[in-house]
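J.: This is my_file_9.pdb (PDB, C-alpha atoms, pLDDT in the B column).
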```pdb
ATOM      1  CA  MET A   1       1.690 -15.501 -23.083  1.00 60.00           C
ATOM      2  CA  SER A   2      -1.354 -17.389 -24.312  1.00 68.00           C
ATOM      3  CA  MET A   3      -4.731 -17.004 -22.658  1.00 68.00           C
ATOM      4  CA  GLN A   4      -4.767 -20.729 -21.861  1.00 75.00           C
ATOM      5  CA  CYS A   5      -1.462 -20.366 -20.044  1.00 77.00           C
ATOM      6  CA  LEU A   6      -2.709 -17.329 -18.105  1.00 71.00           C
ATOM      7  CA  TYR A   7      -5.904 -19.132 -17.183  1.00 72.00           C
ATOM      8  CA  ALA A   8      -3.902 -22.152 -15.996  1.00 80.00           C
ATOM      9  CA  MET A   9      -1.626 -19.911 -13.939  1.00 76.00           C
ATOM     10  CA  ASP A  10      -4.588 -18.211 -12.308  1.00 75.00           C
ATOM     11  CA  ARG A  11      -6.229 -21.561 -11.538  1.00 79.00           C
ATOM     12  CA  ALA A  12      -2.980 -22.854  -9.998  1.00 80.00           C
ATOM     13  CA  LEU A  13      -2.602 -19.721  -7.876  1.00 75.00           C
ATOM     14  CA  ALA A  14      -6.254 -19.907  -6.804  1.00 75.00           C
ATOM     15  CA  HIS A  15      -5.738 -23.555  -5.857  1.00 77.00           C
ATOM     16  CA  ALA A  16      -2.608 -22.727  -3.840  1.00 71.00           C
ATOM     17  CA  TYR A  17      -4.459 -19.894  -2.162  1.00 68.00           C
ATOM     18  CA  GLY A  18      -7.338 -22.200  -1.245  1.00 72.00           C
ATOM     19  CA  LEU A  19      -5.238 -24.990   0.276  1.00 70.00           C
ATOM     20  CA  VAL A  20      -4.936 -23.264   3.617  1.00 67.00           C
ATOM     21  CA  ASP A  21      -6.725 -20.374   5.258  1.00 70.00           C
ATOM     22  CA  LEU A  22      -4.032 -17.774   4.681  1.00 69.00           C
ATOM     23  CA  LYS A  23      -5.758 -14.804   6.314  1.00 75.00           C
ATOM     24  CA  ALA A  24      -3.517 -15.228   9.353  1.00 79.00           C
ATOM     25  CA  TYR A  25      -0.380 -15.476   7.179  1.00 85.00           C
ATOM     26  CA  PRO A  26      -0.018 -12.258   5.183  1.00 91.00           C
ATOM     27  CA  ALA A  27       3.629 -12.946   4.367  1.00 91.00           C
ATOM     28  CA  ILE A  28       2.407 -15.934   2.331  1.00 86.00           C
ATOM     29  CA  ARG A  29      -0.978 -14.601   1.208  1.00 87.00           C
ATOM     30  CA  LEU A  30       0.143 -11.240  -0.182  1.00 93.00           C
ATOM     31  CA  PRO A  31       2.731 -12.602  -2.668  1.00 92.00           C
ATOM     32  CA  ILE A  32       0.138 -15.046  -4.011  1.00 86.00           C
ATOM     33  CA  GLU A  33      -2.343 -12.189  -4.392  1.00 90.00           C
ATOM     34  CA  MET A  34       0.375 -10.175  -6.144  1.00 93.00           C
ATOM     35  CA  GLU A  35       0.913 -12.912  -8.719  1.00 89.00           C
ATOM     36  CA  ARG A  36      -2.837 -13.166  -9.293  1.00 85.00           C
ATOM     37  CA  ALA A  37      -2.905  -9.408  -9.921  1.00 90.00           C
ATOM     38  CA  ARG A  38      -0.104  -9.759 -12.474  1.00 89.00           C
ATOM     39  CA  VAL A  39      -2.062 -12.496 -14.231  1.00 86.00           C
ATOM     40  CA  ALA A  40      -5.187 -10.323 -14.188  1.00 84.00           C
ATOM     41  CA  ALA A  41      -3.251  -7.507 -15.856  1.00 87.00           C
ATOM     42  CA  GLU A  42      -2.245  -9.795 -18.714  1.00 82.00           C
ATOM     43  CA  ALA A  43      -5.635 -11.462 -19.191  1.00 75.00           C
ATOM     44  CA  ARG A  44      -8.358 -10.146 -21.473  1.00 63.00           C
ATOM     45  CA  PRO A  45     -11.087  -8.209 -19.693  1.00 62.00           C
ATOM     46  CA  GLY A  46     -13.844 -10.630 -18.792  1.00 53.00           C
ATOM     47  CA  ALA A  47     -11.676 -13.746 -19.278  1.00 48.00           C
ATOM     48  CA  SER A  48     -12.356 -16.562 -16.845  1.00 46.00           C
ATOM     49  CA  GLY A  49     -10.189 -16.092 -13.800  1.00 42.00           C
ATOM     50  CA  GLY A  50      -8.795 -12.890 -15.261  1.00 43.00           C
ATOM     51  CA  GLY A  51      -9.743  -9.306 -15.359  1.00 51.00           C
ATOM     52  CA  ASN A  52      -7.980  -6.262 -16.669  1.00 78.00           C
ATOM     53  CA  VAL A  53      -5.461  -3.600 -15.786  1.00 87.00           C
ATOM     54  CA  GLY A  54      -7.916  -1.749 -13.539  1.00 88.00           C
ATOM     55  CA  VAL A  55      -8.595  -4.906 -11.525  1.00 89.00           C
ATOM     56  CA  ALA A  56      -4.868  -5.570 -11.219  1.00 91.00           C
ATOM     57  CA  GLU A  57      -4.139  -2.005 -10.109  1.00 93.00           C
ATOM     58  CA  HIS A  58      -6.847  -2.181  -7.449  1.00 94.00           C
ATOM     59  CA  ARG A  59      -5.536  -5.507  -6.132  1.00 94.00           C
ATOM     60  CA  LEU A  60      -1.963  -4.228  -6.037  1.00 97.00           C
ATOM     61  CA  GLU A  61      -2.961  -1.017  -4.242  1.00 97.00           C
ATOM     62  CA  ASN A  62      -4.688  -3.129  -1.566  1.00 97.00           C
ATOM     63  CA  ILE A  63      -1.598  -5.328  -1.223  1.00 97.00           C
ATOM     64  CA  ILE A  64       0.639  -2.263  -0.872  1.00 97.00           C
ATOM     65  CA  GLN A  65      -1.601  -0.777   1.811  1.00 97.00           C
ATOM     66  CA  THR A  66      -1.783  -4.029   3.793  1.00 96.00           C
ATOM     67  CA  ALA A  67       1.951  -4.685   3.543  1.00 97.00           C
ATOM     68  CA  LYS A  68       2.717  -1.121   4.639  1.00 96.00           C
ATOM     69  CA  GLN A  69       0.411  -1.446   7.667  1.00 96.00           C
ATOM     70  CA  LEU A  70       2.115  -4.716   8.640  1.00 96.00           C
ATOM     71  CA  MET A  71       5.619  -3.334   7.947  1.00 95.00           C
ATOM     72  CA  LEU A  72       6.280  -6.034   5.351  1.00 96.00           C
ATOM     73  CA  TYR A  73       8.588  -3.754   3.364  1.00 94.00           C
ATOM     74  CA  GLN A  74       9.828  -6.304   0.837  1.00 95.00           C
ATOM     75  CA  ILE A  75       6.305  -7.289  -0.141  1.00 97.00           C
ATOM     76  CA  GLU A  76       5.284  -3.632  -0.242  1.00 97.00           C
ATOM     77  CA  ILE A  77       8.067  -2.628  -2.623  1.00 96.00           C
ATOM     78  CA  GLU A  78       7.616  -5.708  -4.805  1.00 96.00           C
ATOM     79  CA  ALA A  79       3.917  -4.820  -5.117  1.00 97.00           C
ATOM     80  CA  ARG A  80       4.841  -1.215  -5.915  1.00 97.00           C
ATOM     81  CA  LEU A  81       7.159  -2.466  -8.664  1.00 96.00           C
ATOM     82  CA  ALA A  82       4.385  -4.686 -10.023  1.00 95.00           C
ATOM     83  CA  LEU A  83       2.028  -1.701  -9.948  1.00 95.00           C
ATOM     84  CA  CYS A  84       4.528   0.342 -11.977  1.00 94.00           C
ATOM     85  CA  GLU A  85       4.699  -2.478 -14.530  1.00 91.00           C
ATOM     86  CA  VAL A  86       0.898  -2.613 -14.770  1.00 91.00           C
ATOM     87  CA  GLU A  87       0.513   1.169 -14.918  1.00 89.00           C
ATOM     88  CA  ALA A  88       3.002   1.327 -17.775  1.00 86.00           C
ATOM     89  CA  LYS A  89       0.400  -0.389 -19.962  1.00 82.00           C
ATOM     90  CA  THR A  90      -2.110   2.454 -19.667  1.00 84.00           C
ATOM     91  CA  ASP A  91      -0.355   5.439 -18.081  1.00 86.00           C
ATOM     92  CA  PRO A  92       3.419   5.504 -18.675  1.00 87.00           C
ATOM     93  CA  THR A  93       3.771   8.989 -17.208  1.00 89.00           C
ATOM     94  CA  SER A  94       2.257   7.939 -13.884  1.00 89.00           C
ATOM     95  CA  ALA A  95       4.282   4.732 -13.932  1.00 90.00           C
ATOM     96  CA  ARG A  96       7.488   6.725 -14.478  1.00 91.00           C
ATOM     97  CA  VAL A  97       6.718   9.012 -11.517  1.00 92.00           C
ATOM     98  CA  HIS A  98       5.909   6.029  -9.304  1.00 93.00           C
ATOM     99  CA  SER A  99       9.038   4.135 -10.333  1.00 94.00           C
ATOM    100  CA  GLN A 100      11.207   7.164  -9.507  1.00 94.00           C
ATOM    101  CA  ALA A 101       9.645   7.334  -6.041  1.00 95.00           C
ATOM    102  CA  LEU A 102      10.017   3.576  -5.642  1.00 96.00           C
ATOM    103  CA  GLU A 103      13.701   3.725  -6.527  1.00 95.00           C
ATOM    104  CA  LYS A 104      14.361   6.172  -3.674  1.00 96.00           C
ATOM    105  CA  TYR A 105      12.103   4.345  -1.214  1.00 95.00           C
ATOM    106  CA  ALA A 106      13.640   0.929  -1.929  1.00 95.00           C
ATOM    107  CA  ALA A 107      17.221   2.220  -1.822  1.00 95.00           C
ATOM    108  CA  ALA A 108      16.578   3.962   1.511  1.00 95.00           C
ATOM    109  CA  ARG A 109      15.433   0.644   2.984  1.00 93.00           C
ATOM    110  CA  GLY A 110      18.358  -1.356   1.607  1.00 95.00           C
ATOM    111  CA  PHE A 111      16.533  -3.068  -1.258  1.00 95.00           C
ATOM    112  CA  ALA A 112      19.079  -2.290  -3.963  1.00 95.00           C
ATOM    113  CA  LEU A 113      17.808  -4.926  -6.410  1.00 95.00           C
ATOM    114  CA  ILE A 114      14.277  -3.519  -6.404  1.00 94.00           C
ATOM    115  CA  ALA A 115      15.696   0.005  -6.736  1.00 95.00           C
ATOM    116  CA  HIS A 116      17.700  -1.186  -9.748  1.00 94.00           C
ATOM    117  CA  LYS A 117      14.629  -2.858 -11.265  1.00 93.00           C
ATOM    118  CA  ALA A 118      12.682   0.399 -10.852  1.00 93.00           C
ATOM    119  CA  VAL A 119      15.437   2.257 -12.736  1.00 92.00           C
ATOM    120  CA  GLU A 120      15.465  -0.375 -15.507  1.00 91.00           C
ATOM    121  CA  LEU A 121      11.692  -0.268 -15.771  1.00 88.00           C
ATOM    122  CA  GLU A 122      11.793   3.515 -15.997  1.00 85.00           C
ATOM    123  CA  LYS A 123      14.210   3.273 -18.951  1.00 83.00           C
ATOM    124  CA  ASN A 124      11.706   1.161 -20.867  1.00 78.00           C
ATOM    125  CA  TYR A 125       8.808   3.643 -20.756  1.00 70.00           C
ATOM    126  CA  THR A 126       7.668   4.916 -24.102  1.00 50.00           C
ATOM    127  CA  GLY A 127       5.154   7.489 -22.915  1.00 48.00           C
ATOM    128  CA  PRO A 128       5.408  11.274 -23.166  1.00 48.00           C
ATOM    129  CA  GLY A 129       8.680  12.561 -21.796  1.00 49.00           C
ATOM    130  CA  GLY A 130      10.107   9.023 -21.700  1.00 47.00           C
TER     131      GLY A 130
END
```
Let's see the structure in the file written out as structure tokens.
T.:
Amino acid sequence: MSMQCLYAMDRALAHAYGLVDLKAYPAIRLPIEMERARVAAEARPGASGGGNVGVAEHRLENIIQTAKQLMLYQIEIEARLALCEVEAKTDPTSARVHSQALEKYAAARGFALIAHKAVELEKNYTGPGG
């Protein structure tokens, strides 16, 4: 994806985020933040509106924690899947371990599609032992 496209996506997400004060609506706010984290992971470090993998990981970890506290399981597992995807860029071994845990966690809560995506993601790892 081109940097211009990523920048446009981030601007659109920032605009959507700014339309309404979403602090009181985590079920809407957290998915938008998750998409912004995905964009940050793809953007060059220091790019306008972007960041890097570390920024994305930090954002996703915060989303996971908040969703878990609020018992928003679908958002939590989607953020965990996104975190696995981001981690795979820099630490495939850690990403593989996290995706294995996610598969079990999602399946236990009835989220078969996310569990399947975690398995598929795990198959694509190219790191040591993958």
J.: Give me, please, the distance in Å between atom CA of His15 of chain A and atom CA of Ala27 of chain A, quoted to one decimal.
T.: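 Pair atom CA of His15 of chain A / atom CA of Ala27 of chain A returns 17.5 Å.
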J.: Excluding segment 33-42 of chain A and any residue of its chain fewer than 2 positions from it, enumerate the residues within 7 Å of it, using only C-alpha atoms, and give them as a list in words.
T.: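 Answer for this query is Leu6, Asp10, Leu13, Arg29, Leu30, Pro31, Arg44, Gly50, Gly51, Asn52, Val53, Val55, Ala56, Arg59, Leu60, Ala79 and Val86 of chain A.
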J.: Take atom CA of Ser99 of chain A and atom CA of Arg80 of chain A and report the distance between them in Å, one decimal.
T.: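 For atom CA of Ser99 of chain A relative to atom CA of Arg80 of chain A, the distance reads 8.1 Å.
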J.: Record the distance separating atom CA of Arg96 of chain A and atom CA of Leu81 of chain A, expressed in Å with one decimal.
T.: 10.9 Å
J.: Please evaluate the PyMOL selection byres ((chain A and resi 90) around 12) against the structure above and give the resulting residues as a compact mmCIF listing (two decimals) with C-alpha atoms, in the coordinates of the input.
T.:
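So the final result, stored in expr31.txt, reads:
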```
# COMPACT_ATOMS: atom_id res chain seq x y z
CA ALA A 41 -3.25 -7.51 -15.86
CA ASN A 52 -7.98 -6.26 -16.67
CA VAL A 53 -5.46 -3.60 -15.79
CA GLY A 54 -7.92 -1.75 -13.54
CA ALA A 56 -4.87 -5.57 -11.22
CA GLU A 57 -4.14 -2.00 -10.11
CA LEU A 83 2.03 -1.70 -9.95
CA CYS A 84 4.53 0.34 -11.98
CA GLU A 85 4.70 -2.48 -14.53
CA VAL A 86 0.90 -2.61 -14.77
CA GLU A 87 0.51 1.17 -14.92
CA ALA A 88 3.00 1.33 -17.77
CA LYS A 89 0.40 -0.39 -19.96
CA ASP A 91 -0.36 5.44 -18.08
CA PRO A 92 3.42 5.50 -18.68
CA THR A 93 3.77 8.99 -17.21
CA SER A 94 2.26 7.94 -13.88
CA ALA A 95 4.28 4.73 -13.93
CA ARG A 96 7.49 6.72 -14.48
CA TYR A 125 8.81 3.64 -20.76
CA THR A 126 7.67 4.92 -24.10
CA GLY A 127 5.15 7.49 -22.92
```
J.: Between A:Arg11, A:Lys23, A:Arg109, A:Lys123, which residue has the minimum interatomic distance to Tyr73 of chain A, considering all atoms listed in the file?
T.: A:Arg109
J.: With a distance cut-off of 8 Å and only C-alpha atoms, select the neighbouring residues of Lys104 of chain A, excluding the residue or stretch itself and same-chain residues fewer than 4 positions from it, and output the selection as a list in words.
T.: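 Final neighbour list, sorted by chain and number: Gln100, Ala108 and Ala115 of chain A.
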J.: If you apply the PyMOL selection byres ((chain A and resi 114) around 9) to this file, what residues do you get, as number ranges by chain?
T.: A: 74, 77-78, 81, 102-103, 106-107, 111-113, 115-119
J.: Taking all listed atoms of segment 23-42 of chain A, build the axis-aligned box, pad each of the six sides by 3 Å, then write its centre and edge lengths in Å to one decimal as JSON.
T.:
```
{"center_x": -1.1, "center_y": -11.7, "center_z": -4.7, "size_x": 15.4, "size_y": 14.4, "size_z": 34.1}
```
J.: My structure is short of atoms at segment 62-92 of chain A; please model N, CA and C atoms there, returning them as a PDB file, keeping the file's coordinate frame.
T.:
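Below is the file rebuild04.pdb, written as the result:
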```
ATOM      1  N   ASN A  62      -4.288  -2.514  -2.839  1.00 97.00           N
ATOM      2  CA  ASN A  62      -4.688  -3.129  -1.566  1.00 97.00           C
ATOM      3  C   ASN A  62      -3.527  -3.885  -0.922  1.00 97.00           C
ATOM      4  N   ILE A  63      -2.757  -4.590  -1.734  1.00 97.00           N
ATOM      5  CA  ILE A  63      -1.598  -5.328  -1.223  1.00 97.00           C
ATOM      6  C   ILE A  63      -0.583  -4.358  -0.635  1.00 97.00           C
ATOM      7  N   ILE A  64      -0.321  -3.270  -1.346  1.00 97.00           N
ATOM      8  CA  ILE A  64       0.639  -2.263  -0.872  1.00 97.00           C
ATOM      9  C   ILE A  64       0.194  -1.697   0.471  1.00 97.00           C
ATOM     10  N   GLN A  65      -1.065  -1.350   0.572  1.00 97.00           N
ATOM     11  CA  GLN A  65      -1.601  -0.777   1.811  1.00 97.00           C
ATOM     12  C   GLN A  65      -1.475  -1.764   2.973  1.00 97.00           C
ATOM     13  N   THR A  66      -1.860  -3.008   2.744  1.00 96.00           N
ATOM     14  CA  THR A  66      -1.783  -4.029   3.793  1.00 96.00           C
ATOM     15  C   THR A  66      -0.344  -4.281   4.211  1.00 96.00           C
ATOM     16  N   ALA A  67       0.543  -4.429   3.232  1.00 97.00           N
ATOM     17  CA  ALA A  67       1.951  -4.685   3.543  1.00 97.00           C
ATOM     18  C   ALA A  67       2.560  -3.521   4.318  1.00 97.00           C
ATOM     19  N   LYS A  68       2.200  -2.307   3.943  1.00 96.00           N
ATOM     20  CA  LYS A  68       2.717  -1.121   4.639  1.00 96.00           C
ATOM     21  C   LYS A  68       2.238  -1.117   6.093  1.00 96.00           C
ATOM     22  N   GLN A  69       0.959  -1.418   6.306  1.00 96.00           N
ATOM     23  CA  GLN A  69       0.411  -1.446   7.667  1.00 96.00           C
ATOM     24  C   GLN A  69       1.108  -2.496   8.525  1.00 96.00           C
ATOM     25  N   LEU A  70       1.484  -3.617   7.905  1.00 96.00           N
ATOM     26  CA  LEU A  70       2.115  -4.716   8.640  1.00 96.00           C
ATOM     27  C   LEU A  70       3.637  -4.628   8.640  1.00 96.00           C
ATOM     28  N   MET A  71       4.171  -3.559   8.053  1.00 95.00           N
ATOM     29  CA  MET A  71       5.619  -3.334   7.947  1.00 95.00           C
ATOM     30  C   MET A  71       6.331  -4.472   7.225  1.00 95.00           C
ATOM     31  N   LEU A  72       5.684  -5.009   6.207  1.00 96.00           N
ATOM     32  CA  LEU A  72       6.280  -6.034   5.351  1.00 96.00           C
ATOM     33  C   LEU A  72       6.867  -5.303   4.141  1.00 96.00           C
ATOM     34  N   TYR A  73       8.027  -4.658   4.359  1.00 94.00           N
ATOM     35  CA  TYR A  73       8.588  -3.754   3.364  1.00 94.00           C
ATOM     36  C   TYR A  73       8.927  -4.429   2.043  1.00 94.00           C
ATOM     37  N   GLN A  74       9.469  -5.636   2.092  1.00 95.00           N
ATOM     38  CA  GLN A  74       9.828  -6.304   0.837  1.00 95.00           C
ATOM     39  C   GLN A  74       8.586  -6.566  -0.007  1.00 95.00           C
ATOM     40  N   ILE A  75       7.537  -7.042   0.599  1.00 97.00           N
ATOM     41  CA  ILE A  75       6.305  -7.289  -0.141  1.00 97.00           C
ATOM     42  C   ILE A  75       5.731  -5.971  -0.651  1.00 97.00           C
ATOM     43  N   GLU A  76       5.790  -4.944   0.175  1.00 97.00           N
ATOM     44  CA  GLU A  76       5.284  -3.632  -0.242  1.00 97.00           C
ATOM     45  C   GLU A  76       6.015  -3.125  -1.482  1.00 97.00           C
ATOM     46  N   ILE A  77       7.342  -3.184  -1.475  1.00 96.00           N
ATOM     47  CA  ILE A  77       8.067  -2.628  -2.623  1.00 96.00           C
ATOM     48  C   ILE A  77       7.952  -3.519  -3.851  1.00 96.00           C
ATOM     49  N   GLU A  78       7.833  -4.827  -3.657  1.00 96.00           N
ATOM     50  CA  GLU A  78       7.616  -5.708  -4.805  1.00 96.00           C
ATOM     51  C   GLU A  78       6.246  -5.423  -5.435  1.00 96.00           C
ATOM     52  N   ALA A  79       5.241  -5.163  -4.595  1.00 97.00           N
ATOM     53  CA  ALA A  79       3.917  -4.820  -5.117  1.00 97.00           C
ATOM     54  C   ALA A  79       3.942  -3.456  -5.801  1.00 97.00           C
ATOM     55  N   ARG A  80       4.709  -2.526  -5.267  1.00 97.00           N
ATOM     56  CA  ARG A  80       4.841  -1.215  -5.915  1.00 97.00           C
ATOM     57  C   ARG A  80       5.509  -1.351  -7.278  1.00 97.00           C
ATOM     58  N   LEU A  81       6.511  -2.222  -7.376  1.00 96.00           N
ATOM     59  CA  LEU A  81       7.159  -2.466  -8.664  1.00 96.00           C
ATOM     60  C   LEU A  81       6.166  -3.093  -9.645  1.00 96.00           C
ATOM     61  N   ALA A  82       5.400  -4.058  -9.169  1.00 95.00           N
ATOM     62  CA  ALA A  82       4.385  -4.686 -10.023  1.00 95.00           C
ATOM     63  C   ALA A  82       3.357  -3.656 -10.476  1.00 95.00           C
ATOM     64  N   LEU A  83       2.975  -2.746  -9.590  1.00 95.00           N
ATOM     65  CA  LEU A  83       2.028  -1.701  -9.948  1.00 95.00           C
ATOM     66  C   LEU A  83       2.606  -0.792 -11.035  1.00 95.00           C
ATOM     67  N   CYS A  84       3.881  -0.460 -10.928  1.00 94.00           N
ATOM     68  CA  CYS A  84       4.528   0.342 -11.977  1.00 94.00           C
ATOM     69  C   CYS A  84       4.477  -0.385 -13.322  1.00 94.00           C
ATOM     70  N   GLU A  85       4.728  -1.684 -13.304  1.00 91.00           N
ATOM     71  CA  GLU A  85       4.699  -2.478 -14.530  1.00 91.00           C
ATOM     72  C   GLU A  85       3.297  -2.471 -15.140  1.00 91.00           C
ATOM     73  N   VAL A  86       2.285  -2.598 -14.299  1.00 91.00           N
ATOM     74  CA  VAL A  86       0.898  -2.613 -14.770  1.00 91.00           C
ATOM     75  C   VAL A  86       0.497  -1.227 -15.272  1.00 91.00           C
ATOM     76  N   GLU A  87       0.851  -0.200 -14.522  1.00 89.00           N
ATOM     77  CA  GLU A  87       0.513   1.169 -14.918  1.00 89.00           C
ATOM     78  C   GLU A  87       1.142   1.549 -16.254  1.00 89.00           C
ATOM     79  N   ALA A  88       2.306   0.997 -16.527  1.00 86.00           N
ATOM     80  CA  ALA A  88       3.002   1.327 -17.775  1.00 86.00           C
ATOM     81  C   ALA A  88       2.177   0.954 -18.999  1.00 86.00           C
ATOM     82  N   LYS A  89       1.253   0.029 -18.847  1.00 82.00           N
ATOM     83  CA  LYS A  89       0.400  -0.389 -19.962  1.00 82.00           C
ATOM     84  C   LYS A  89      -0.609   0.686 -20.358  1.00 82.00           C
ATOM     85  N   THR A  90      -1.062   1.475 -19.388  1.00 84.00           N
ATOM     86  CA  THR A  90      -2.110   2.454 -19.667  1.00 84.00           C
ATOM     87  C   THR A  90      -1.700   3.896 -19.375  1.00 84.00           C
ATOM     88  N   ASP A  91      -0.748   4.088 -18.482  1.00 86.00           N
ATOM     89  CA  ASP A  91      -0.355   5.439 -18.081  1.00 86.00           C
ATOM     90  C   ASP A  91       1.145   5.492 -17.800  1.00 86.00           C
ATOM     91  N   PRO A  92       1.965   5.509 -18.861  1.00 87.00           N
ATOM     92  CA  PRO A  92       3.419   5.504 -18.675  1.00 87.00           C
ATOM     93  C   PRO A  92       3.947   6.676 -17.864  1.00 87.00           C
TER      94      PRO A  92
END
```
